[in-house]
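What follows is the content of final.cif, which has mmCIF, C-alpha atoms and all ligand atoms:
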data_query
loop_
_atom_site.label_atom_id
_atom_site.label_comp_id
_atom_site.auth_asym_id
_atom_site.auth_seq_id
_atom_site.Cartn_x
_atom_site.Cartn_y
_atom_site.Cartn_z
CA MET A 1 -15.15 0.09 20.00
CA SER A 2 -15.43 -1.73 16.71
CA HIS A 3 -18.77 -2.65 15.17
CA ARG A 4 -17.42 -6.08 14.20
CA SER A 5 -16.88 -8.84 16.77
CA THR A 6 -13.94 -11.15 16.09
CA VAL A 7 -14.49 -14.79 17.01
CA ILE A 8 -12.48 -17.99 17.05
CA LEU A 9 -13.76 -20.26 14.26
CA GLY A 10 -11.42 -23.20 14.88
CA THR A 11 -8.43 -24.36 16.90
CA GLY A 12 -5.70 -26.95 16.33
CA SER A 13 -2.49 -28.08 17.94
CA TYR A 14 0.46 -30.33 17.30
CA ALA A 15 3.14 -31.83 19.53
CA PRO A 16 6.09 -33.87 18.24
CA SER A 17 5.82 -37.56 19.11
CA ARG A 18 9.16 -37.77 20.93
CA VAL A 19 8.57 -37.58 24.70
CA LEU A 20 11.56 -36.59 26.86
CA THR A 21 10.94 -37.48 30.49
CA ASN A 22 12.56 -35.99 33.59
CA ALA A 23 14.12 -39.38 34.31
CA GLU A 24 15.84 -39.34 30.91
CA LEU A 25 17.19 -35.84 31.55
CA ALA A 26 18.66 -37.10 34.82
CA HIS A 27 20.92 -39.39 32.75
CA THR A 28 22.61 -36.44 31.02
CA ILE A 29 22.59 -33.64 33.63
CA ASP A 30 22.71 -33.46 37.43
CA THR A 31 18.97 -33.34 38.15
CA SER A 32 16.07 -35.57 39.21
CA ASP A 33 12.40 -36.11 38.47
CA GLU A 34 11.70 -35.07 42.05
CA TRP A 35 13.55 -31.71 41.71
CA ILE A 36 12.00 -30.80 38.38
CA HIS A 37 8.48 -31.84 39.32
CA SER A 38 8.45 -30.21 42.73
CA ARG A 39 9.86 -26.88 41.40
CA SER A 40 7.95 -26.66 38.13
CA GLY A 41 5.18 -29.28 37.89
CA ILE A 42 6.79 -30.63 34.71
CA ARG A 43 7.00 -34.41 34.15
CA GLU A 44 7.90 -34.55 30.47
CA ARG A 45 8.17 -32.42 27.32
CA ARG A 46 8.05 -33.05 23.56
CA ILE A 47 11.09 -32.68 21.33
CA ALA A 48 10.97 -32.12 17.56
CA ALA A 49 12.37 -34.94 15.42
CA PRO A 50 15.67 -34.39 13.61
CA GLY A 51 14.84 -32.30 10.55
CA GLU A 52 11.42 -31.34 11.89
CA MET A 53 11.21 -27.58 11.58
CA THR A 54 9.23 -24.93 13.40
CA SER A 55 7.33 -24.39 10.14
CA ASP A 56 6.41 -28.11 9.96
CA MET A 57 4.90 -28.07 13.44
CA ALA A 58 3.05 -24.84 12.64
CA VAL A 59 1.61 -26.32 9.45
CA ALA A 60 0.34 -29.41 11.30
CA ALA A 61 -1.43 -27.27 13.93
CA ALA A 62 -2.80 -24.88 11.30
CA GLN A 63 -4.25 -27.70 9.19
CA ARG A 64 -6.11 -28.98 12.24
CA ALA A 65 -7.42 -25.49 13.03
CA LEU A 66 -8.59 -25.00 9.44
CA ALA A 67 -10.34 -28.39 9.48
CA ASP A 68 -12.01 -27.51 12.78
CA ALA A 69 -13.20 -24.20 11.27
CA LYS A 70 -14.33 -26.04 8.10
CA LEU A 71 -12.27 -23.62 6.04
CA THR A 72 -9.54 -24.05 3.45
CA PRO A 73 -6.20 -22.23 2.95
CA ALA A 74 -7.89 -20.10 0.26
CA ASP A 75 -10.14 -18.53 2.93
CA ILE A 76 -7.19 -16.99 4.82
CA ASP A 77 -5.88 -13.49 4.02
CA LEU A 78 -3.76 -12.84 7.12
CA LEU A 79 -1.17 -15.05 8.85
CA ILE A 80 0.57 -14.00 12.06
CA VAL A 81 3.10 -16.37 13.60
CA ALA A 82 4.19 -15.80 17.18
CA THR A 83 7.60 -17.39 17.64
CA ILE A 84 11.14 -16.84 18.91
CA THR A 85 12.42 -19.88 17.01
CA PRO A 86 11.75 -19.26 13.30
CA ASP A 87 13.36 -21.76 10.89
CA MET A 88 15.98 -19.08 10.12
CA PRO A 89 16.60 -15.49 11.31
CA MET A 90 15.34 -14.15 7.98
CA PRO A 91 12.80 -14.35 6.43
CA ALA A 92 9.89 -14.74 8.82
CA ALA A 93 8.66 -18.26 9.57
CA ALA A 94 5.27 -17.01 8.35
CA CYS A 95 6.61 -16.88 4.78
CA ILE A 96 7.76 -20.51 4.90
CA ILE A 97 4.49 -21.58 6.54
CA GLN A 98 2.46 -19.69 3.92
CA HIS A 99 4.11 -21.71 1.16
CA LYS A 100 3.93 -25.09 2.97
CA LEU A 101 0.24 -24.54 3.83
CA GLY A 102 -0.62 -23.35 0.35
CA LEU A 103 -2.05 -19.99 1.41
CA ALA A 104 -2.71 -17.49 -1.36
CA THR A 105 0.14 -15.20 -2.40
CA THR A 106 -2.19 -12.30 -1.51
CA THR A 107 -1.97 -13.29 2.18
CA ALA A 108 -0.28 -10.81 4.54
CA CYS A 109 2.32 -12.87 6.46
CA PHE A 110 4.58 -11.87 9.32
CA ASP A 111 6.13 -13.07 12.56
CA LEU A 112 5.69 -11.41 15.91
CA ASN A 113 8.16 -11.75 18.77
CA ALA A 114 6.73 -11.23 22.24
CA ALA A 115 8.31 -14.45 23.53
CA CYS A 116 5.95 -16.42 25.81
CA SER A 117 3.30 -13.67 25.57
CA GLY A 118 3.51 -13.93 21.78
CA PHE A 119 0.20 -15.67 21.19
CA ILE A 120 -1.84 -13.06 23.09
CA TYR A 121 0.01 -10.24 21.30
CA ALA A 122 -0.53 -11.90 17.90
CA PHE A 123 -4.18 -12.67 18.63
CA ASP A 124 -4.81 -9.05 19.65
CA THR A 125 -3.03 -7.79 16.51
CA ALA A 126 -5.00 -10.12 14.24
CA CYS A 127 -8.32 -9.19 15.87
CA ALA A 128 -7.53 -5.48 15.45
CA MET A 129 -6.64 -5.99 11.78
CA LEU A 130 -9.90 -7.88 11.23
CA SER A 131 -11.90 -5.24 13.09
CA SER A 132 -10.59 -2.67 10.62
CA GLY A 133 -12.51 -4.54 7.93
CA ARG A 134 -9.42 -4.77 5.71
CA TYR A 135 -8.91 -8.50 6.43
CA GLN A 136 -11.53 -11.22 6.56
CA ARG A 137 -10.02 -14.35 8.07
CA ALA A 138 -6.78 -14.81 9.94
CA LEU A 139 -4.68 -17.70 11.03
CA VAL A 140 -2.79 -17.02 14.25
CA ILE A 141 -0.13 -19.54 15.19
CA GLY A 142 2.04 -19.87 18.28
CA VAL A 143 4.92 -22.25 17.59
CA GLU A 144 8.31 -23.01 19.11
CA LYS A 145 11.21 -25.37 18.68
CA LEU A 146 12.82 -24.37 21.97
CA SER A 147 14.95 -27.52 21.92
CA SER A 148 17.08 -25.66 19.35
CA ILE A 149 17.88 -22.69 21.64
CA VAL A 150 18.03 -24.40 25.03
CA ASP A 151 21.47 -25.04 26.51
CA TRP A 152 21.35 -28.77 27.19
CA GLN A 153 24.33 -28.37 29.57
CA ASP A 154 22.49 -25.82 31.76
CA ARG A 155 20.29 -27.67 34.23
CA THR A 156 18.73 -24.44 35.49
CA THR A 157 16.97 -23.87 32.15
CA CYS A 158 16.97 -26.97 29.94
CA VAL A 159 14.55 -28.92 32.13
CA LEU A 160 11.83 -26.30 31.69
CA PHE A 161 11.22 -26.05 27.94
CA GLY A 162 9.67 -28.07 25.10
CA ASP A 163 8.51 -27.96 21.46
CA GLY A 164 5.03 -27.66 19.94
CA ALA A 165 2.49 -25.59 18.02
CA GLY A 166 -1.03 -24.27 18.42
CA ALA A 167 -3.21 -22.36 15.96
CA VAL A 168 -6.52 -20.54 15.80
CA VAL A 169 -8.58 -19.37 12.85
CA ILE A 170 -10.46 -16.14 13.49
CA GLY A 171 -13.11 -14.28 11.58
CA PRO A 172 -15.77 -11.59 11.95
CA SER A 173 -19.17 -12.14 13.53
CA ASP A 174 -22.32 -9.98 13.43
CA GLN A 175 -23.28 -11.15 16.89
CA PRO A 176 -22.34 -8.43 19.41
CA GLY A 177 -20.56 -9.22 22.69
CA VAL A 178 -18.84 -12.42 21.58
CA GLY A 179 -15.25 -13.25 20.66
CA LEU A 180 -12.39 -11.11 21.88
CA LEU A 181 -13.80 -8.75 24.50
CA GLY A 182 -10.53 -6.99 25.20
CA THR A 183 -6.86 -7.28 26.00
CA ARG A 184 -4.43 -5.70 28.42
CA LEU A 185 -0.83 -5.91 27.20
CA GLY A 186 2.35 -4.49 28.68
CA THR A 187 6.12 -4.74 28.99
CA TYR A 188 8.88 -4.30 31.59
CA GLY A 189 11.72 -3.44 29.21
CA ASP A 190 14.03 -2.72 32.13
CA SER A 191 14.26 -6.47 32.78
CA VAL A 192 15.58 -7.68 29.41
CA ASP A 193 18.63 -9.24 31.09
CA LEU A 194 16.55 -11.61 33.20
CA LEU A 195 15.61 -13.75 30.20
CA CYS A 196 17.36 -13.43 26.86
CA ILE A 197 19.61 -14.94 24.19
CA PRO A 198 22.58 -12.55 24.28
CA GLY A 199 24.27 -13.64 21.03
CA GLY A 200 23.26 -13.66 17.39
CA GLY A 201 21.58 -10.27 17.21
CA SER A 202 23.04 -7.09 15.73
CA ASN A 203 24.64 -6.18 19.05
CA ALA A 204 26.66 -9.41 19.23
CA PRO A 205 26.63 -11.16 15.86
CA ALA A 206 27.60 -14.83 15.75
CA SER A 207 31.35 -15.35 16.13
CA VAL A 208 33.65 -18.13 17.26
CA ALA A 209 33.80 -16.36 20.64
CA SER A 210 30.00 -16.09 20.96
CA VAL A 211 29.57 -19.77 20.15
CA GLY A 212 32.29 -20.68 22.64
CA ALA A 213 30.59 -18.60 25.33
CA ARG A 214 27.29 -20.43 24.61
CA ASP A 215 25.71 -17.01 24.00
CA HIS A 216 23.23 -18.36 21.43
CA PHE A 217 21.25 -20.19 24.10
CA ILE A 218 18.55 -19.02 26.51
CA LYS A 219 19.93 -17.38 29.66
CA MET A 220 17.55 -16.92 32.55
CA LYS A 221 17.55 -15.67 36.13
CA GLY A 222 14.68 -17.91 37.19
CA LYS A 223 13.98 -16.59 40.67
CA GLU A 224 13.66 -12.96 39.52
CA VAL A 225 11.53 -13.93 36.52
CA PHE A 226 9.25 -15.91 38.80
CA LYS A 227 8.47 -12.91 41.01
CA ILE A 228 7.80 -10.47 38.17
CA ALA A 229 5.76 -13.10 36.28
CA VAL A 230 3.37 -13.62 39.16
CA ARG A 231 2.92 -9.89 39.75
CA ALA A 232 2.50 -8.98 36.07
CA MET A 233 0.02 -11.77 35.35
CA GLU A 234 -2.03 -11.03 38.44
CA GLU A 235 -2.16 -7.30 37.71
CA SER A 236 -3.05 -7.63 34.03
CA ALA A 237 -5.75 -10.18 34.82
CA ARG A 238 -7.17 -8.00 37.58
CA ASP A 239 -7.14 -4.92 35.32
CA ILE A 240 -8.95 -6.61 32.45
CA LEU A 241 -11.60 -8.12 34.72
CA GLU A 242 -12.20 -4.70 36.25
CA GLN A 243 -12.33 -3.01 32.83
CA HIS A 244 -15.08 -5.39 31.78
CA GLY A 245 -16.92 -5.38 35.09
CA LEU A 246 -16.38 -9.09 35.60
CA GLY A 247 -15.78 -10.85 38.91
CA ALA A 248 -13.67 -13.94 39.44
CA THR A 249 -16.80 -16.11 39.65
CA GLN A 250 -17.79 -15.14 36.10
CA ILE A 251 -14.64 -16.63 34.57
CA ALA A 252 -15.43 -20.19 33.52
CA LEU A 253 -11.83 -21.05 32.62
CA VAL A 254 -8.41 -19.43 32.88
CA ILE A 255 -5.83 -20.50 30.32
CA PRO A 256 -2.50 -19.31 31.69
CA HIS A 257 0.87 -19.53 29.97
CA GLN A 258 2.26 -22.91 30.98
CA ALA A 259 5.68 -22.09 32.43
CA ASN A 260 5.51 -23.43 35.94
CA LEU A 261 2.72 -24.95 38.04
CA ARG A 262 3.81 -22.92 41.08
CA ILE A 263 3.36 -19.67 39.13
CA ILE A 264 -0.13 -20.79 38.07
CA GLU A 265 -1.02 -21.75 41.66
CA ALA A 266 0.19 -18.37 42.96
CA ILE A 267 -1.97 -16.50 40.43
CA ALA A 268 -4.99 -18.66 41.27
CA GLN A 269 -4.55 -17.80 44.91
CA TYR A 270 -4.12 -14.05 44.33
CA LEU A 271 -7.08 -13.84 41.92
CA GLU A 272 -9.17 -16.07 44.19
CA ILE A 273 -10.11 -18.36 41.34
CA PRO A 274 -9.97 -22.07 42.27
CA MET A 275 -7.36 -24.23 40.49
CA GLU A 276 -10.20 -26.37 39.02
CA ARG A 277 -10.92 -23.40 36.75
CA PHE A 278 -7.32 -23.18 35.51
CA PHE A 279 -6.31 -25.29 32.52
CA VAL A 280 -2.98 -27.00 33.20
CA ASN A 281 -0.91 -29.17 30.86
CA VAL A 282 2.59 -28.00 31.84
CA ASP A 283 3.17 -31.49 33.28
CA ARG A 284 3.06 -32.96 29.74
CA TYR A 285 4.68 -30.25 27.61
CA GLY A 286 6.83 -28.03 29.84
CA ASN A 287 7.08 -24.42 28.71
CA THR A 288 6.49 -24.16 24.95
CA SER A 289 6.62 -20.34 24.98
CA ALA A 290 4.31 -18.83 22.33
CA ALA A 291 2.76 -22.25 21.66
CA SER A 292 1.64 -22.89 25.22
CA ILE A 293 -1.64 -20.95 25.24
CA PRO A 294 -2.94 -22.05 21.81
CA ILE A 295 -2.09 -25.70 22.61
CA ALA A 296 -3.92 -25.40 25.95
CA LEU A 297 -6.85 -23.59 24.29
CA ASP A 298 -7.20 -26.36 21.72
CA GLU A 299 -7.01 -29.11 24.36
CA ALA A 300 -9.53 -27.25 26.54
CA ARG A 301 -12.00 -27.01 23.65
CA ARG A 302 -11.54 -30.60 22.57
CA THR A 303 -12.01 -31.93 26.11
CA GLY A 304 -15.27 -30.03 26.56
CA ARG A 305 -13.98 -27.47 29.05
CA ILE A 306 -15.32 -24.53 27.02
CA LYS A 307 -19.04 -24.06 26.33
CA ALA A 308 -21.06 -21.48 24.39
CA GLY A 309 -21.49 -18.32 26.47
CA ASP A 310 -18.44 -19.03 28.68
CA VAL A 311 -15.92 -16.31 29.39
CA THR A 312 -12.30 -17.49 29.16
CA LEU A 313 -9.33 -15.52 30.46
CA LEU A 314 -5.95 -15.93 28.77
CA VAL A 315 -2.94 -14.65 30.69
CA ALA A 316 0.76 -14.79 29.85
CA PHE A 317 4.22 -13.39 30.50
CA GLY A 318 7.57 -13.90 28.87
CA ALA A 319 10.96 -12.54 27.89
CA GLY A 320 10.96 -8.78 27.42
CA LEU A 321 9.55 -8.97 29.97
CA THR A 322 6.23 -8.90 28.16
CA TYR A 323 2.88 -9.76 29.67
CA GLY A 324 -0.74 -9.75 28.64
CA SER A 325 -4.32 -10.83 29.28
CA ALA A 326 -7.23 -11.44 26.94
CA LEU A 327 -10.92 -12.06 27.60
CA ILE A 328 -12.95 -14.18 25.18
CA ARG A 329 -16.69 -14.86 25.24
CA TRP A 330 -17.68 -18.03 23.31
N1 LIG A 401 18.04 -29.99 39.05
C1 LIG A 401 18.54 -29.98 40.29
N2 LIG A 401 18.94 -28.87 40.91
C2 LIG A 401 18.81 -27.71 40.26
C3 LIG A 401 18.30 -27.64 38.95
C4 LIG A 401 17.91 -28.84 38.34
N3 LIG A 401 17.40 -28.89 37.10
N4 LIG A 401 18.30 -26.36 38.55
C5 LIG A 401 18.78 -25.65 39.57
N5 LIG A 401 19.11 -26.45 40.60
C6 LIG A 401 19.67 -26.08 41.89
C7 LIG A 401 20.35 -24.73 41.85
O1 LIG A 401 21.68 -24.85 41.38
C8 LIG A 401 20.28 -24.31 43.29
O2 LIG A 401 21.31 -24.92 43.99
P1 LIG A 401 22.14 -24.11 45.10
O3 LIG A 401 21.11 -23.71 46.12
O4 LIG A 401 23.14 -25.09 45.55
O5 LIG A 401 22.70 -22.93 44.37
C9 LIG A 401 18.96 -24.91 43.78
O6 LIG A 401 18.63 -25.94 42.83
C10 LIG A 401 17.83 -23.91 43.86
O7 LIG A 401 17.78 -23.17 42.65
P2 LIG A 401 16.81 -21.96 42.47
O8 LIG A 401 17.09 -21.32 41.16
O9 LIG A 401 16.83 -21.11 43.70
O10 LIG A 401 15.42 -22.73 42.41
P3 LIG A 401 13.98 -22.15 42.36
O11 LIG A 401 13.20 -22.68 43.49
O12 LIG A 401 13.97 -20.67 42.13
O13 LIG A 401 13.41 -22.84 41.05
C11 LIG A 401 12.98 -22.36 38.72
C12 LIG A 401 14.02 -22.61 39.81
C13 LIG A 401 13.71 -22.06 37.43
C14 LIG A 401 12.13 -23.61 38.57
C15 LIG A 401 12.11 -21.17 39.15
O14 LIG A 401 12.91 -20.09 39.55
C16 LIG A 401 11.19 -20.73 38.06
O15 LIG A 401 10.34 -21.47 37.61
N6 LIG A 401 11.31 -19.47 37.61
C17 LIG A 401 10.50 -18.94 36.56
C18 LIG A 401 11.11 -19.35 35.27
C19 LIG A 401 10.14 -19.27 34.13
O16 LIG A 401 9.01 -19.65 34.24
N7 LIG A 401 10.64 -18.77 33.01
C20 LIG A 401 9.93 -18.75 31.81
C21 LIG A 401 9.33 -17.43 31.59
S1 LIG A 401 8.25 -17.46 30.22
#

Transcribe the structure of this file into structure tokens.
Ligand code: COA
Amino acid sequence: MSHRSTVILGTGSYAPSRVLTNAELAHTIDTSDEWIHSRSGIRERRIAAPGEMTSDMAVAAAQRALADAKLTPADIDLLIVATITPDMPMPAAACIIQHKLGLATTTACFDLNAACSGFIYAFDTACAMLSSGRYQRALVIGVEKLSSIVDWQDRTTCVLFGDGAGAVVIGPSDQPGVGLLGTRLGTYGDSVDLLCIPGGGSNAPASVASVGARDHFIKMKGKEVFKIAVRAMEESARDILEQHGLGATQIALVIPHQANLRIIEAIAQYLEIPMERFFVNVDRYGNTSAASIPIALDEARRTGRIKAGDVTLLVAFGAGLTYGSALIRW
């Protein structure tokens, strides 16, 4: 156990202004507001403007988080960006964001890919790096422009995803027992095929054939993902609560990855935590992958749903299949 606690000093989020409703989607593909809402809880999602990059959304969220923390770019010495949609395959989005934000050239910058669990993985990594004492203040961003990798001809996936960014600034605290209490991360690497982008990697580099086969878009077996997601999130949440000797009643708020309202409701039922103590905004944003938890965290803080002393549980799952939980005391 480290002698230094790591606490959240500020949060910020950003969503593009363009709202794409279910009714609009029903004009271009064979679907309906009723189908999408009843299966997923989603009503609308945000879509980045033409020319608006992942890095731009990340910068907007990060500036808000820095302002909330009353810090400036010069105070940051570590930047971790959780994303599966960097501006380009190489270099990391973190490098572009570093420059656009005006962070010092002495800042360690890298991306982390754990898909929809990315924010929890990045947050854990940043907290560990700060606990080592080698870094002082980190910016952790979850950001996605999923509209660029969704197949807009595939009604089984395109209705579920959206764009956005969320950011947190973290730093050390001398107060014991606050900040990140612990995490429980894991992976089911045997289920890669259930949710992936088959083309564009070193196994199947971009080619005329791969583009024709639409292999550069998200492919998902939704039903199978659903089942594993519920089990993995429930188990990791249960494990971390047990590890820290906490009961369901001691969790003031759960901030789950916002993929599907039915998944969230199933977890609430299994964990025996009432839905009133789950933060839900999937209706307004759809699934924004690595951005979903930091956006929800920021909205929860700004709407007064988190108070000093509260324990918050973050829980996520995503392609990989990765999953993870984190406990934070404010
Ligand atoms: N509009 C209308 N009908 C649709 C549709 C859409 N957008 N998408 C699929 N359908 C149809 C299917 O073709 C199928 O028709 P069929 O029975 O004639 O074959 C029917 O609806 C049922 O499809 P199914 O896939 O069985 O629905 P479901 O109840 O499993 O719900 C998901 C689909 C995707 C909403 C659900 O499986 C899910 O949320 N899975 C988890 C996905 C997820 O969260 N992934 C992100 C991980 S981070």

Can you report as JSON the centre and edge lengths in Å, to one decimal, of an axis-aligned box around the listed atoms of ligand LIG 401 (chain A) padded with 8 Å on each side?
{"center_x": 15.7, "center_y": -23.7, "center_z": 38.2, "size_x": 30.9, "size_y": 28.6, "size_z": 31.9}

Closest contacts (chain A/ligand LIG 401 (chain A), max 7 Å, only C-alpha atoms and all ligand atoms) as JSON lines:
{"residue": "A:Asp30", "atom": "CA", "partner": "A:LIG401", "partner_atom": "N1", "distance": 6.0}
{"residue": "A:Thr31", "atom": "CA", "partner": "A:LIG401", "partner_atom": "N1", "distance": 3.6}
{"residue": "A:Ser32", "atom": "CA", "partner": "A:LIG401", "partner_atom": "N1", "distance": 5.9}
{"residue": "A:Trp35", "atom": "CA", "partner": "A:LIG401", "partner_atom": "C1", "distance": 5.5}
{"residue": "A:Ile36", "atom": "CA", "partner": "A:LIG401", "partner_atom": "N3", "distance": 5.9}
{"residue": "A:Arg39", "atom": "CA", "partner": "A:LIG401", "partner_atom": "C14", "distance": 4.9}
{"residue": "A:Ser40", "atom": "CA", "partner": "A:LIG401", "partner_atom": "C14", "distance": 5.2}
{"residue": "A:Cys116", "atom": "CA", "partner": "A:LIG401", "partner_atom": "S1", "distance": 5.1}
{"residue": "A:Arg155", "atom": "CA", "partner": "A:LIG401", "partner_atom": "N3", "distance": 4.3}
{"residue": "A:Thr156", "atom": "CA", "partner": "A:LIG401", "partner_atom": "N4", "distance": 3.6}
{"residue": "A:Thr157", "atom": "CA", "partner": "A:LIG401", "partner_atom": "C13", "distance": 6.5}
{"residue": "A:Val159", "atom": "CA", "partner": "A:LIG401", "partner_atom": "N3", "distance": 5.7}
{"residue": "A:Gly222", "atom": "CA", "partner": "A:LIG401", "partner_atom": "O14", "distance": 3.7}
{"residue": "A:Lys223", "atom": "CA", "partner": "A:LIG401", "partner_atom": "O14", "distance": 3.8}
{"residue": "A:Val225", "atom": "CA", "partner": "A:LIG401", "partner_atom": "C17", "distance": 5.1}
{"residue": "A:Phe226", "atom": "CA", "partner": "A:LIG401", "partner_atom": "C17", "distance": 4.0}
{"residue": "A:Ala259", "atom": "CA", "partner": "A:LIG401", "partner_atom": "O16", "distance": 4.5}
{"residue": "A:Asn260", "atom": "CA", "partner": "A:LIG401", "partner_atom": "O16", "distance": 5.4}
{"residue": "A:Ser289", "atom": "CA", "partner": "A:LIG401", "partner_atom": "S1", "distance": 6.2}
{"residue": "A:Phe317", "atom": "CA", "partner": "A:LIG401", "partner_atom": "S1", "distance": 5.7}
{"residue": "A:Gly318", "atom": "CA", "partner": "A:LIG401", "partner_atom": "S1", "distance": 3.9}
{"residue": "A:Ala319", "atom": "CA", "partner": "A:LIG401", "partner_atom": "S1", "distance": 6.1}

One decimal, in Å: what's the spacing between CA of Pro176 (chain A) and CA of Ala308 (chain A)?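 Computing it gives 14.0 Å between the two atoms.
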
Between CA of Ala126 (chain A) and CA of Leu103 (chain A), what is the spacing in Å? 16.5 Å

9 Å contact set for Thr6 (chain A), all atoms listed in the file, chain neighbours under 6 positions out, as an NGL selection string: :A and (127-128 or 130-131 or 170-174 or 178-181)

Given all atoms listed in the file as the counted atoms, nearest of A:Ser292, A:Asp215, A:Leu313, A:Leu297 to Gly247 (chain A): A:Leu313

If we count all atoms listed in the file, what is near Lys307 (chain A) at a cut-off of 10 Å, once residues fewer than 3 positions away on the same chain are taken out, given as a list of chain:residue names? A:Ala252, A:Arg301, A:Gly304, A:Asp310, A:Val311, A:Thr312, A:Arg329, A:Trp330

Spatial neighbours of Ala62 (chain A), 10 Å, only C-alpha atoms, chain gap at least 6 places, as JSON, numbers by chain: {"A": [10, 11, 12, 13, 14, 56, 68, 73, 97, 101, 139, 140, 141, 142, 165, 166, 167, 168, 169]}

Which residue of A:Gly201, A:Ala326, A:Ile255, A:Tyr285 approaches Asp298 (chain A) most closely, using all atoms listed in the file: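 Among the listed residues, A:Ile255 lies closest to Asp298 (chain A).
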
Distance criterion (all atoms listed in the file): nearest to Asp111 (chain A) out of A:Asp33, A:Tyr188, A:Asp87, A:Gln63: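 Of the candidates, the smallest distance to Asp111 (chain A) is held by A:Asp87.
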
The residues within 6 Å of (4.2, -16.9, 23.6), using only C-alpha atoms and the coordinates of the file, should be reported as a ChimeraX atom specification; which are they? /A:115-119,289-291

What is the CA of Met53 (chain A) to CA of Val150 (chain A) distance in Å? 15.4 Å

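Candidate residues A:Gln269, A:Asn281, A:Ser207, A:Thr85 were compared for distance to Asn113 (chain A), and the nearest is A:Thr85, using all atoms listed in the file.
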
Residue with the minimum atom-to-atom distance to His244 (chain A), picked from A:Thr83, A:Thr322, A:Thr183, A:Ser5 with only C-alpha atoms counted, is A:Thr183

Rank A:Gly309, A:Pro86, A:Gly177, A:Pro256 by their smallest atom-to-atom distance to Met57 (chain A), using only C-alpha atoms, and report the top residue only.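 Under the stated criterion, the closest residue is A:Pro86.
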